[in-house]
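See below for upload.cif, which holds mmCIF, C-alpha atoms.
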data_structure
#
loop_
_atom_site.label_atom_id
_atom_site.label_comp_id
_atom_site.auth_asym_id
_atom_site.auth_seq_id
_atom_site.Cartn_x
_atom_site.Cartn_y
_atom_site.Cartn_z
CA MET A 1 -174.10 -54.14 -205.23
CA SER A 2 -174.17 -50.42 -205.00
CA LEU A 3 -170.97 -48.47 -204.84
CA ALA A 4 -171.75 -47.33 -201.29
CA THR A 5 -172.06 -50.92 -200.02
CA ALA A 6 -168.79 -51.91 -201.71
CA ILE A 7 -166.98 -49.04 -200.05
CA ALA A 8 -168.49 -49.94 -196.68
CA ILE A 9 -167.34 -53.59 -196.99
CA LYS A 10 -163.85 -52.52 -198.01
CA ARG A 11 -163.59 -50.14 -195.06
CA GLY A 12 -164.84 -52.89 -192.73
CA SER A 13 -162.19 -55.39 -193.86
CA GLN A 14 -159.53 -52.71 -193.65
CA ALA A 15 -160.58 -51.97 -190.06
CA ARG A 16 -160.51 -55.69 -189.24
CA ALA A 17 -157.02 -56.01 -190.72
CA THR A 18 -155.83 -53.04 -188.67
CA ILE A 19 -157.26 -54.53 -185.48
CA LEU A 20 -155.70 -57.92 -186.26
CA GLY A 21 -152.37 -56.20 -186.92
CA GLU A 22 -152.54 -54.41 -183.61
CA PHE A 23 -153.34 -57.64 -181.77
CA LEU A 24 -150.42 -59.39 -183.45
CA SER A 25 -147.98 -56.57 -182.78
CA ALA A 26 -149.10 -56.34 -179.14
CA GLY A 27 -148.69 -60.12 -178.79
CA CYS A 28 -145.22 -60.26 -180.38
CA ILE A 29 -143.85 -57.23 -178.56
CA GLY A 30 -145.38 -58.51 -175.31
CA VAL A 31 -143.71 -61.92 -175.64
CA LEU A 32 -140.35 -60.35 -176.47
CA LEU A 33 -140.62 -57.91 -173.58
CA GLY A 34 -141.58 -60.72 -171.19
CA LEU A 35 -138.62 -62.87 -172.27
CA PHE A 36 -136.25 -59.91 -172.04
CA VAL A 37 -137.36 -59.06 -168.50
CA THR A 38 -136.96 -62.74 -167.51
CA PHE A 39 -133.45 -62.81 -168.96
CA VAL A 40 -132.44 -59.65 -167.09
CA VAL A 41 -133.86 -61.05 -163.85
CA VAL A 42 -132.07 -64.41 -164.04
CA GLU A 43 -128.84 -62.88 -165.32
CA HIS A 44 -128.57 -60.12 -162.71
CA GLY A 45 -131.17 -61.04 -160.14
CA ARG A 46 -130.28 -62.18 -156.68
CA GLY A 47 -133.55 -63.67 -155.50
CA PHE A 48 -135.46 -62.81 -152.38
CA GLY A 49 -134.78 -63.45 -148.72
CA ALA A 50 -131.23 -62.05 -148.65
CA ILE A 51 -129.60 -61.10 -145.36
CA ALA A 52 -126.75 -58.62 -145.33
CA ALA A 53 -124.07 -58.00 -142.70
CA GLY A 54 -121.26 -55.58 -143.47
CA PRO A 55 -119.89 -56.41 -146.93
CA TRP A 56 -121.48 -59.87 -146.86
CA THR A 57 -124.79 -61.04 -148.30
CA GLY A 58 -126.28 -64.49 -147.81
CA TRP A 59 -129.41 -66.29 -148.94
CA PRO A 60 -130.33 -68.67 -146.12
CA ARG A 61 -133.40 -70.04 -147.90
CA ASN A 62 -131.53 -71.04 -151.09
CA GLY A 63 -130.50 -74.38 -149.64
CA THR A 64 -133.98 -75.38 -148.53
CA SER A 65 -136.99 -76.75 -150.35
CA ASP A 66 -138.77 -73.51 -149.49
CA THR A 67 -137.42 -71.30 -152.28
CA ASP A 68 -139.45 -68.81 -154.28
CA PRO A 69 -139.91 -69.29 -158.06
CA TYR A 70 -137.44 -66.48 -158.84
CA THR A 71 -134.67 -68.00 -156.75
CA ARG A 72 -135.35 -71.39 -158.32
CA ALA A 73 -135.10 -69.89 -161.81
CA ILE A 74 -131.92 -67.95 -160.97
CA LEU A 75 -130.18 -70.96 -159.41
CA ALA A 76 -131.26 -73.29 -162.20
CA TYR A 77 -130.02 -70.83 -164.82
CA SER A 78 -126.60 -70.37 -163.22
CA GLY A 79 -126.17 -74.09 -162.47
CA GLU A 80 -124.97 -73.21 -158.98
CA MET A 81 -125.54 -75.84 -156.30
CA SER A 82 -125.98 -73.62 -153.28
CA LEU A 83 -125.09 -75.03 -149.88
CA SER A 84 -127.95 -76.90 -148.31
CA GLU A 85 -129.39 -75.88 -144.97
CA SER A 86 -127.66 -78.56 -142.91
CA GLU A 87 -124.34 -78.23 -144.75
CA GLY A 88 -124.01 -74.61 -143.77
CA MET A 89 -124.36 -71.11 -145.01
CA SER A 90 -122.50 -69.11 -147.64
CA PHE A 91 -121.97 -65.37 -147.93
CA VAL A 92 -120.74 -63.35 -150.89
CA ALA A 93 -118.89 -60.01 -150.85
CA HIS A 94 -118.80 -57.91 -154.01
CA GLY A 95 -117.46 -54.86 -152.20
CA ASP A 96 -115.45 -53.83 -149.14
CA SER A 97 -116.79 -52.71 -145.76
CA LYS A 98 -117.36 -49.19 -147.14
CA GLY A 99 -119.38 -50.53 -150.04
CA ALA A 100 -116.81 -49.80 -152.78
CA GLU A 101 -116.47 -52.52 -155.40
CA LEU A 102 -113.50 -54.88 -154.86
CA ASP A 103 -110.57 -53.70 -156.98
CA PRO A 104 -107.81 -56.20 -157.86
CA ALA A 105 -105.24 -53.36 -157.95
CA CYS A 106 -105.71 -52.81 -154.19
CA ASP A 107 -104.79 -54.75 -151.08
CA TYR A 108 -107.56 -55.70 -148.66
CA VAL A 109 -107.38 -56.90 -145.09
CA LEU A 110 -110.04 -59.24 -143.78
CA LYS A 111 -110.34 -59.39 -140.02
CA GLY A 112 -112.88 -59.64 -137.28
CA GLU A 113 -115.33 -62.14 -135.93
CA ILE A 114 -116.52 -65.12 -137.92
CA PRO A 115 -119.79 -66.69 -136.69
CA SER A 116 -119.19 -69.97 -134.94
CA ALA A 117 -119.03 -72.89 -137.31
CA ARG A 118 -117.29 -76.26 -137.38
CA TYR A 119 -115.19 -75.09 -140.31
CA TRP A 120 -115.16 -72.09 -142.58
CA THR A 121 -113.56 -71.43 -145.96
CA LEU A 122 -112.80 -68.13 -147.67
CA THR A 123 -112.60 -68.34 -151.46
CA LEU A 124 -111.67 -65.79 -154.10
CA LEU A 125 -113.63 -66.21 -157.34
CA SER A 126 -114.53 -64.35 -160.49
CA PRO A 127 -118.00 -62.72 -160.39
CA ALA A 128 -119.25 -65.63 -162.56
CA GLY A 129 -118.08 -68.12 -159.94
CA ALA A 130 -114.93 -69.43 -161.66
CA PRO A 131 -111.63 -69.81 -159.81
CA ILE A 132 -108.91 -67.29 -160.74
CA ALA A 133 -105.46 -68.62 -161.56
CA ASN A 134 -102.71 -67.31 -159.29
CA PRO A 135 -99.00 -68.13 -159.19
CA ALA A 136 -99.12 -69.29 -155.57
CA GLY A 137 -101.79 -71.88 -156.42
CA ARG A 138 -103.89 -70.90 -153.41
CA PRO A 139 -107.57 -70.43 -154.21
CA SER A 140 -108.83 -70.27 -150.64
CA PHE A 141 -108.19 -70.40 -146.90
CA THR A 142 -109.83 -72.80 -144.51
CA SER A 143 -110.33 -72.17 -140.80
CA SER A 144 -107.58 -74.71 -140.05
CA GLU A 145 -105.04 -73.28 -142.48
CA VAL A 146 -105.14 -69.72 -141.25
CA LEU A 147 -102.29 -68.54 -139.00
CA ARG A 148 -103.61 -67.03 -135.79
CA ALA A 149 -102.20 -64.74 -133.14
CA GLY A 150 -101.93 -65.96 -129.54
CA ASP A 151 -105.46 -64.79 -128.77
CA GLY A 152 -106.94 -66.68 -131.72
CA GLN A 153 -107.42 -63.54 -133.81
CA PHE A 154 -106.25 -63.50 -137.41
CA GLU A 155 -105.97 -61.32 -140.48
CA ILE A 156 -106.02 -62.39 -144.11
CA THR A 157 -104.41 -60.06 -146.66
CA LEU A 158 -105.71 -60.08 -150.20
CA SER A 159 -103.18 -58.81 -152.70
CA ARG A 160 -101.74 -59.35 -156.14
CA HIS A 161 -98.27 -59.40 -154.57
CA ALA A 162 -96.87 -61.76 -151.96
CA ARG A 163 -97.60 -60.56 -148.42
CA PRO A 164 -96.39 -61.92 -145.08
CA GLY A 165 -98.81 -63.88 -142.92
CA ASN A 166 -102.06 -65.11 -144.39
CA TRP A 167 -101.87 -64.09 -148.02
CA LEU A 168 -104.75 -64.79 -150.39
CA PRO A 169 -103.46 -63.96 -153.89
CA ILE A 170 -105.85 -62.04 -156.15
CA GLY A 171 -104.34 -63.24 -159.42
CA ASP A 172 -104.61 -61.67 -162.83
CA THR A 173 -108.21 -60.54 -163.10
CA SER A 174 -110.21 -57.40 -163.63
CA LYS A 175 -112.90 -58.24 -161.07
CA PHE A 176 -113.26 -60.62 -158.18
CA ILE A 177 -115.62 -61.56 -155.39
CA LEU A 178 -115.16 -63.32 -152.05
CA VAL A 179 -117.21 -66.22 -150.79
CA LEU A 180 -117.25 -67.10 -147.10
CA ARG A 181 -118.73 -70.50 -146.32
CA LEU A 182 -119.60 -71.56 -142.81
CA TYR A 183 -119.92 -75.34 -142.57
CA ASP A 184 -122.11 -76.83 -139.88
CA SER A 185 -122.73 -73.36 -138.55
CA GLU A 186 -125.19 -72.56 -135.86
CA LEU A 187 -126.63 -69.73 -137.97
CA GLY A 188 -129.33 -71.77 -139.68
CA SER A 189 -132.72 -70.23 -139.26
CA PRO A 190 -132.04 -67.43 -136.78
CA ALA A 191 -129.72 -66.01 -139.47
CA ALA A 192 -131.81 -62.86 -139.52
CA ALA A 193 -130.18 -61.92 -136.23
CA LEU A 194 -126.84 -61.53 -137.98
CA ASP A 195 -125.23 -58.11 -137.75
CA SER A 196 -122.11 -56.60 -139.23
CA ALA A 197 -120.17 -56.92 -135.94
CA SER A 198 -120.48 -60.71 -136.07
CA MET A 199 -119.02 -60.92 -139.58
CA PRO A 200 -115.45 -60.10 -140.64
CA GLY A 201 -114.76 -56.66 -142.08
CA LEU A 202 -112.97 -56.06 -145.36
CA VAL A 203 -110.78 -52.97 -145.28
CA LYS A 204 -109.03 -51.52 -148.33
CA SER A 205 -105.39 -50.64 -147.71
CA ARG A 206 -102.96 -49.41 -150.37
CA CYS A 207 -103.65 -49.47 -154.09
CA GLU A 208 -101.23 -49.72 -156.99
CA MET B 1 -161.32 -41.00 -184.96
CA ASN B 2 -160.66 -38.01 -182.82
CA GLN B 3 -157.63 -37.60 -180.61
CA ILE B 4 -159.15 -39.06 -177.45
CA ASP B 5 -160.13 -42.19 -179.36
CA ARG B 6 -156.59 -42.56 -180.65
CA LEU B 7 -155.16 -42.07 -177.19
CA LEU B 8 -157.51 -44.68 -175.76
CA ALA B 9 -156.64 -47.11 -178.54
CA ALA B 10 -152.92 -46.62 -177.89
CA LEU B 11 -153.45 -47.08 -174.17
CA LEU B 12 -155.40 -50.24 -174.76
CA TRP B 13 -152.64 -51.53 -177.04
CA LEU B 14 -150.03 -50.77 -174.39
CA LEU B 15 -152.07 -52.57 -171.74
CA GLY B 16 -152.28 -55.53 -174.09
CA VAL B 17 -148.50 -55.55 -174.53
CA LEU B 18 -147.95 -55.38 -170.77
CA ALA B 19 -150.44 -58.17 -170.11
CA VAL B 20 -148.78 -60.46 -172.68
CA ALA B 21 -145.32 -59.53 -171.32
CA GLY B 22 -146.43 -60.31 -167.77
CA ILE B 23 -147.86 -63.69 -168.70
CA THR B 24 -144.74 -64.57 -170.75
CA HIS B 25 -142.49 -63.58 -167.86
CA ILE B 26 -144.38 -65.70 -165.34
CA VAL B 27 -144.47 -68.72 -167.67
CA ALA B 28 -140.74 -68.32 -168.42
CA VAL B 29 -139.77 -68.07 -164.74
CA PHE B 30 -141.71 -71.24 -163.93
CA ALA B 31 -140.49 -73.10 -167.03
CA LEU B 32 -136.82 -72.21 -166.62
CA PRO B 33 -135.98 -74.67 -163.81
CA GLU B 34 -137.58 -77.46 -165.88
CA ILE B 35 -135.56 -76.55 -168.96
CA ALA B 36 -132.35 -75.98 -167.03
CA ALA B 37 -132.88 -79.21 -165.07
CA LYS B 38 -132.70 -81.29 -168.25
CA ASP B 39 -129.49 -79.49 -169.09
CA THR B 40 -127.94 -79.97 -165.63
CA TYR B 41 -129.02 -83.62 -165.46
CA ALA B 42 -127.59 -84.29 -168.92
CA ARG B 43 -124.34 -82.49 -168.09
CA ILE B 44 -123.83 -84.40 -164.85
CA SER B 45 -124.94 -87.71 -166.39
CA GLU B 46 -122.06 -87.33 -168.83
CA LEU B 47 -119.68 -87.43 -165.88
CA ALA B 48 -121.46 -89.91 -163.65
CA LYS B 49 -123.74 -92.89 -164.21
CA PRO B 50 -126.96 -93.30 -162.19
CA GLY B 51 -126.34 -95.33 -159.05
CA GLN B 52 -122.60 -94.64 -159.13
CA LEU B 53 -120.73 -92.20 -156.99
CA THR B 54 -118.29 -90.20 -159.10
CA ILE B 55 -115.81 -87.59 -157.91
CA LEU B 56 -116.21 -84.35 -159.82
CA PRO B 57 -113.05 -82.81 -161.26
CA PRO B 58 -111.88 -79.76 -159.29
CA SER B 59 -112.89 -76.41 -160.76
CA ARG B 60 -110.29 -74.79 -162.96
CA PRO B 61 -110.29 -71.22 -164.26
CA ASP B 62 -111.20 -72.41 -167.76
CA LYS B 63 -113.46 -75.32 -166.89
CA GLN B 64 -115.91 -75.92 -164.07
CA VAL B 65 -118.68 -78.42 -163.64
CA MET B 66 -120.56 -76.04 -161.38
CA PRO B 67 -119.94 -72.34 -160.77
CA PHE B 68 -119.22 -71.12 -157.22
CA ALA B 69 -117.88 -74.52 -156.11
CA ASP B 70 -115.71 -74.51 -153.00
CA PRO B 71 -112.16 -75.52 -154.05
CA ALA B 72 -111.50 -76.86 -150.54
CA MET B 73 -114.32 -79.39 -150.91
CA VAL B 74 -113.95 -82.68 -152.74
CA GLN B 75 -117.32 -83.04 -154.40
CA SER B 76 -118.89 -86.17 -155.75
CA VAL B 77 -122.24 -86.87 -157.27
CA CYS B 78 -124.48 -89.90 -157.52
CA PRO B 79 -127.31 -89.33 -159.98
CA PHE B 80 -130.46 -91.38 -159.46
CA ASP B 81 -133.35 -92.42 -161.65
CA LEU B 82 -135.99 -94.00 -159.44
CA SER B 83 -137.80 -95.60 -162.38
CA GLN B 84 -135.05 -98.26 -162.15
CA GLY B 85 -135.45 -98.80 -158.41
CA GLY B 86 -134.61 -96.99 -155.21
CA LEU B 87 -131.22 -95.54 -154.36
CA ARG B 88 -129.33 -96.73 -151.31
CA LEU B 89 -126.59 -94.64 -149.76
CA HIS B 90 -124.35 -96.01 -147.05
CA ALA B 91 -121.50 -94.27 -145.27
CA ASP B 92 -119.29 -95.22 -142.36
CA VAL B 93 -118.35 -92.08 -140.53
CA GLU B 94 -115.06 -91.96 -138.71
CA GLY B 95 -113.60 -89.20 -136.63
CA ASP B 96 -114.71 -85.64 -136.59
CA ARG B 97 -114.21 -84.75 -140.22
CA LEU B 98 -116.76 -82.95 -142.31
CA LEU B 99 -118.73 -85.06 -144.79
CA THR B 100 -121.90 -83.52 -146.22
CA PHE B 101 -124.81 -85.03 -148.11
CA SER B 102 -127.39 -83.10 -150.11
CA PHE B 103 -130.29 -84.73 -151.90
CA ARG B 104 -131.44 -82.65 -154.85
CA THR B 105 -133.94 -82.61 -157.67
CA SER B 106 -132.63 -82.58 -161.24
CA ALA B 107 -132.81 -78.76 -161.14
CA GLY B 108 -130.50 -78.77 -158.11
CA GLN B 109 -133.09 -77.89 -155.52
CA VAL B 110 -132.38 -79.45 -152.14
CA PHE B 111 -135.04 -81.76 -150.72
CA TYR B 112 -132.96 -83.18 -147.89
CA SER B 113 -129.49 -82.61 -146.50
CA MET B 114 -127.34 -83.86 -143.66
CA THR B 115 -123.75 -83.99 -142.45
CA ASP B 116 -121.70 -86.70 -140.76
CA LEU B 117 -123.05 -85.41 -137.43
CA ALA B 118 -126.36 -87.11 -138.27
CA ALA B 119 -124.74 -90.57 -138.25
CA GLN B 120 -126.22 -93.18 -135.92
CA GLN B 121 -123.49 -95.33 -134.33
CA GLY B 122 -121.03 -94.22 -136.98
CA LYS B 123 -123.28 -95.19 -139.88
CA ILE B 124 -125.48 -93.36 -142.32
CA ASP B 125 -128.06 -95.40 -144.24
CA VAL B 126 -130.43 -93.58 -146.53
CA VAL B 127 -132.84 -94.96 -149.14
CA VAL B 128 -134.33 -92.58 -151.72
CA LEU B 129 -137.69 -93.74 -153.06
CA THR B 130 -140.76 -92.60 -154.93
CA ALA B 131 -144.01 -92.43 -152.95
CA GLU B 132 -145.18 -95.75 -154.51
CA GLN B 133 -141.90 -97.48 -153.71
CA LEU B 134 -142.13 -96.24 -150.13
CA GLU B 135 -145.55 -97.88 -149.76
CA ILE B 136 -144.18 -101.20 -151.02
CA VAL B 137 -141.14 -101.03 -148.73
CA GLU B 138 -143.26 -100.11 -145.72
CA GLY B 139 -145.72 -102.91 -146.52
CA GLU B 140 -142.86 -105.41 -146.44
CA ALA B 141 -141.29 -104.06 -143.26
CA ASP B 142 -140.68 -106.50 -140.44
CA GLU B 143 -142.29 -105.00 -137.33
CA ASP B 144 -140.09 -106.99 -134.94
CA ASP B 145 -136.88 -105.83 -136.58
CA PRO B 146 -137.43 -102.23 -137.61
CA SER B 147 -135.07 -100.97 -140.26
CA GLN B 148 -132.58 -98.27 -139.31
CA ASP B 149 -132.75 -96.79 -142.81
CA LEU B 150 -133.73 -93.21 -143.31
CA ARG B 151 -136.34 -93.33 -146.08
CA LEU B 152 -136.66 -90.24 -148.23
CA VAL B 153 -139.36 -89.61 -150.81
CA ALA B 154 -137.94 -87.76 -153.80
CA PRO B 155 -140.28 -85.12 -155.27
CA GLU B 156 -139.42 -86.30 -158.79
CA PRO B 157 -137.92 -89.56 -160.12
CA GLN B 158 -134.64 -88.06 -161.33
CA GLY B 159 -132.15 -86.22 -159.19
CA PHE B 160 -128.74 -86.26 -157.57
CA VAL B 161 -127.08 -86.94 -154.27
CA PHE B 162 -124.02 -84.76 -153.70
CA VAL B 163 -121.46 -86.09 -151.24
CA SER B 164 -118.66 -83.71 -150.28
CA ALA B 165 -115.71 -83.87 -147.94
CA LEU B 166 -113.67 -80.93 -146.79
CA ALA B 167 -109.91 -80.98 -147.35
CA VAL B 168 -108.98 -78.95 -144.29
CA TYR B 169 -105.45 -78.46 -145.66
CA GLN B 170 -104.54 -78.49 -149.34
CA SER B 171 -102.41 -81.56 -148.62
CA ASP B 172 -105.50 -83.35 -147.25
CA ARG B 173 -107.12 -83.66 -150.63
CA VAL B 174 -106.24 -87.31 -151.17
CA ASP B 175 -107.56 -88.14 -147.73
CA ALA B 176 -110.81 -86.27 -148.44
CA GLU B 177 -111.15 -88.15 -151.72
CA GLU B 178 -110.75 -91.42 -149.84
CA ARG B 179 -113.51 -90.42 -147.43
CA VAL B 180 -115.84 -89.63 -150.33
CA LYS B 181 -114.95 -92.88 -152.10
CA SER B 182 -115.81 -94.88 -149.00
CA VAL B 183 -119.46 -93.82 -149.40
CA ALA B 184 -121.49 -96.47 -151.21
CA CYS B 185 -124.27 -95.48 -153.56
CA ALA B 186 -126.24 -98.18 -155.41
CA VAL B 187 -129.57 -98.90 -157.07
CA GLU B 188 -131.79 -100.96 -154.78
CA GLN B 189 -134.49 -103.09 -156.33
CA VAL B 190 -137.91 -102.58 -154.81
CA ALA B 191 -140.19 -105.61 -155.24
CA GLN B 192 -143.06 -104.67 -157.54
CA ASP B 193 -146.29 -106.60 -157.39
#

Would you give me this structure, written as structure tokens?
Amino acid sequence: MSLATAIAIKRGSQARATILGEFLSAGCIGVLLGLFVTFVVVEHGRGFGAIAAGPWTGWPRNGTSDTDPYTRAILAYSGEMSLSESEGMSFVAHGDSKGAELDPACDYVLKGEIPSARYWTLTLLSPAGAPIANPAGRPSFTSSEVLRAGDGQFEITLSRHARPGNWLPIGDTSKFILVLRLYDSELGSPAAALDSASMPGLVKSRCE
Amino acid sequence: MNQIDRLLAALLWLLGVLAVAGITHIVAVFALPEIAAKDTYARISELAKPGQLTILPPSRPDKQVMPFADPAMVQSVCPFDLSQGGLRLHADVEGDRLLTFSFRTSAGQVFYSMTDLAAQQGKIDVVVLTAEQLEIVEGEADEDDPSQDLRLVAPEPQGFVFVSALAVYQSDRVDAEERVKSVACAVEQVAQD
């Protein structure tokens, strides 16, 4: 073997090793990137097909067999059993009517129309979906429990401190969300027609 | 290699990374419900046996069976494994009080749901079957005396039926539990030939 041939072979194997290395690095980084993106999506994602009205957002398709792969992955990851289509419809509020994030140091007043349903419940939860301990031991209001004025209207006050009337205690937490569930509601499929006037507003009053 | 070659090589490498990342992401999104389903089914099977309706403990701040559960609802679950036979669910519905039923795959996806409003003459009778079991049951059906059962084909052999009752007032909880307990859920043998 001449020296020139030996050098050529060595260069060739070096080039092959470099190419192999690049393939491997591209593969590994690609897999990691793909898994990372998936994690971010299921951890923070909200799925498709959301409808929003005022501070409320709902996912009418979550309780059907017609969900997209992302929604399926997100729901399976969280372990949440979303309300099925015939049970009703649930809405989540992370912020008030002006869009500001809900702050446990403030009082909020919930009032306005609630779409017609056989029953509704309003629940205060942590953003991860856990109940929040409060001294009054009241985690939620149902449509039957709420005290109404003569004309059927009502207000629910959310506060850390006892308030007259319908008081939903916020408890000792740094963040909270509200979930409004409408059982046996007539919303169903024409849910897209929902607008903010047909859902209750959430107005911030005083803060500590 | 001149600079353009290097740039092209780097671009090609980047495209490779993106392609692998894309494929991994798609595979992971589709695989996740399968993986999580085993976890959910195992977690719920610890609390409830297949073919038995079990009331789930109410969510507490430090411990919940499922996140985002409604504290006003008394929830119960009846897991099913159709390899051991069909699942029969029977409920007598009284009065105008909310009782909901959702039939789910092991990943929690709903394949059928109903409320007490769907009751026929105050009764709800549902049988959950696999496609093969449905054929056997339909083959045996008596044409002169048609069954009033609602027959559902489950998309996969394992899954759950969730039965929930609303405690309209906090003091109604015991009553709601009684309503849930009155629902019967049992394995039903399907004659194999």

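The nearest approach to A:Leu110 among the residues A:Phe176, A:Phe48, A:Phe141, A:Phe39, with all atoms listed in the file taken into account, belongs to A:Phe141.
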
When the PyMOL selection byres ((chain A) within 8 of (chain B)) is applied to the structure above, which residues does it catch, written out as a ChimeraX atom specification? /A:22-23,26-27,29-35,37-38,63-65,69-70,72-73,75-81,84-87,121,123,125,128-133,139-140,142-145,184

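Look at A:Gly88: the protein and nucleic acid residues within 10 Å of it, using all atoms listed in the file and passing over chain neighbours fewer than 4 places away, are Pro60, Gly63, Ser82, Leu83, Ser84, Ala117, Arg118, Tyr119, Trp120, Arg181, Leu182, Tyr183, Asp184, Ser185, Glu186, Leu187 and Gly188 of chain A; Thr100, Met114 and Thr115 of chain B.
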
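Going from atom CA of B:Gly51 to atom CA of B:Leu134 covers 18.2 Å.
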
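Atom pair atom CA of B:Gly86 / atom CA of B:Val137: separated by 10.0 Å.
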
Show me the residues around (-127.8, -100.4, -142.3) - criterion: an atom at most 10 Å away, all atoms listed in the file counted - as a list in words. Arg88, Leu89, His90, Ala91, Asp92, Gln120, Lys123, Ile124, Asp125, Val126, Ser147, Gln148, Asp149 and Leu150 of chain B

Let's have the selection written as a PDB file, in the frame of the given file, with C-alpha atoms.
ATOM      1  CA  ARG B  88    -129.330 -96.730-151.310  1.00  0.00           C
ATOM      2  CA  LEU B  89    -126.590 -94.640-149.760  1.00  0.00           C
ATOM      3  CA  HIS B  90    -124.350 -96.010-147.050  1.00  0.00           C
ATOM      4  CA  ALA B  91    -121.500 -94.270-145.270  1.00  0.00           C
ATOM      5  CA  ASP B  92    -119.290 -95.220-142.360  1.00  0.00           C
ATOM      6  CA  GLN B 120    -126.220 -93.180-135.920  1.00  0.00           C
ATOM      7  CA  LYS B 123    -123.280 -95.190-139.880  1.00  0.00           C
ATOM      8  CA  ILE B 124    -125.480 -93.360-142.320  1.00  0.00           C
ATOM      9  CA  ASP B 125    -128.060 -95.400-144.240  1.00  0.00           C
ATOM     10  CA  VAL B 126    -130.430 -93.580-146.530  1.00  0.00           C
ATOM     11  CA  SER B 147    -135.070-100.970-140.260  1.00  0.00           C
ATOM     12  CA  GLN B 148    -132.580 -98.270-139.310  1.00  0.00           C
ATOM     13  CA  ASP B 149    -132.750 -96.790-142.810  1.00  0.00           C
ATOM     14  CA  LEU B 150    -133.730 -93.210-143.310  1.00  0.00           C
TER      15      LEU B 150
END

Could you name the residues that touch A:Leu168 at 7 Å or less, counting all atoms listed in the file, but leaving out those on the same chain fewer than 5 positions away, as a ChimeraX atom specification? /A:138,140,156-159

Pull C-alpha atoms from the residues just selected and write them as a CSV table (one decimal), in the frame of the given file.
chain,number,residue,atom,x,y,z
A,138,ARG,CA,-103.9,-70.9,-153.4
A,140,SER,CA,-108.8,-70.3,-150.6
A,156,ILE,CA,-106.0,-62.4,-144.1
A,157,THR,CA,-104.4,-60.1,-146.7
A,158,LEU,CA,-105.7,-60.1,-150.2
A,159,SER,CA,-103.2,-58.8,-152.7

Centre, x/y/z edge lengths, axis-aligned box for stretch 56-59 of chain A with 4 Å per side, as JSON:
{"center_x": -125.4, "center_y": -63.1, "center_z": -147.9, "size_x": 15.9, "size_y": 14.4, "size_z": 10.1}

Please provide as a ChimeraX atom specification all residues within 8 Å of B:Arg179, with the sequence filter that same-chain residues fewer than 3 positions apart are discarded (counting only C-alpha atoms). /B:99,165,175-176,182-183

Result set, the PyMOL selection byres ((chain A and resi 205) around 8) on current file, as a count of residues only: 8

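Between atom CA of A:Trp56 and atom CA of A:Ser196 there is a distance of 8.3 Å.
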
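If you measure from each of A:Thr57, A:Thr67, A:Ser198, A:Asn134 to A:Ser116 using all atoms listed in the file, the closest one turns out to be A:Ser198.
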
For B:Val77, the closest of B:Gln121, B:Gln189, B:Gln3, B:Thr54 counting all atoms listed in the file is B:Thr54

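When only C-alpha atoms are used to compute distances to A:Pro115, the closest of the residues A:Ile177, A:Ala197, A:Ala6, A:Leu24 turns out to be A:Ala197.
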
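This file gives the following result for the PyMOL selection byres ((chain A and resi 53) around 7): A:Ile51, A:Ala52, A:Gly54, A:Pro55, A:Trp56, A:Thr57, A:Leu194, A:Asp195, A:Ser196, A:Met199.
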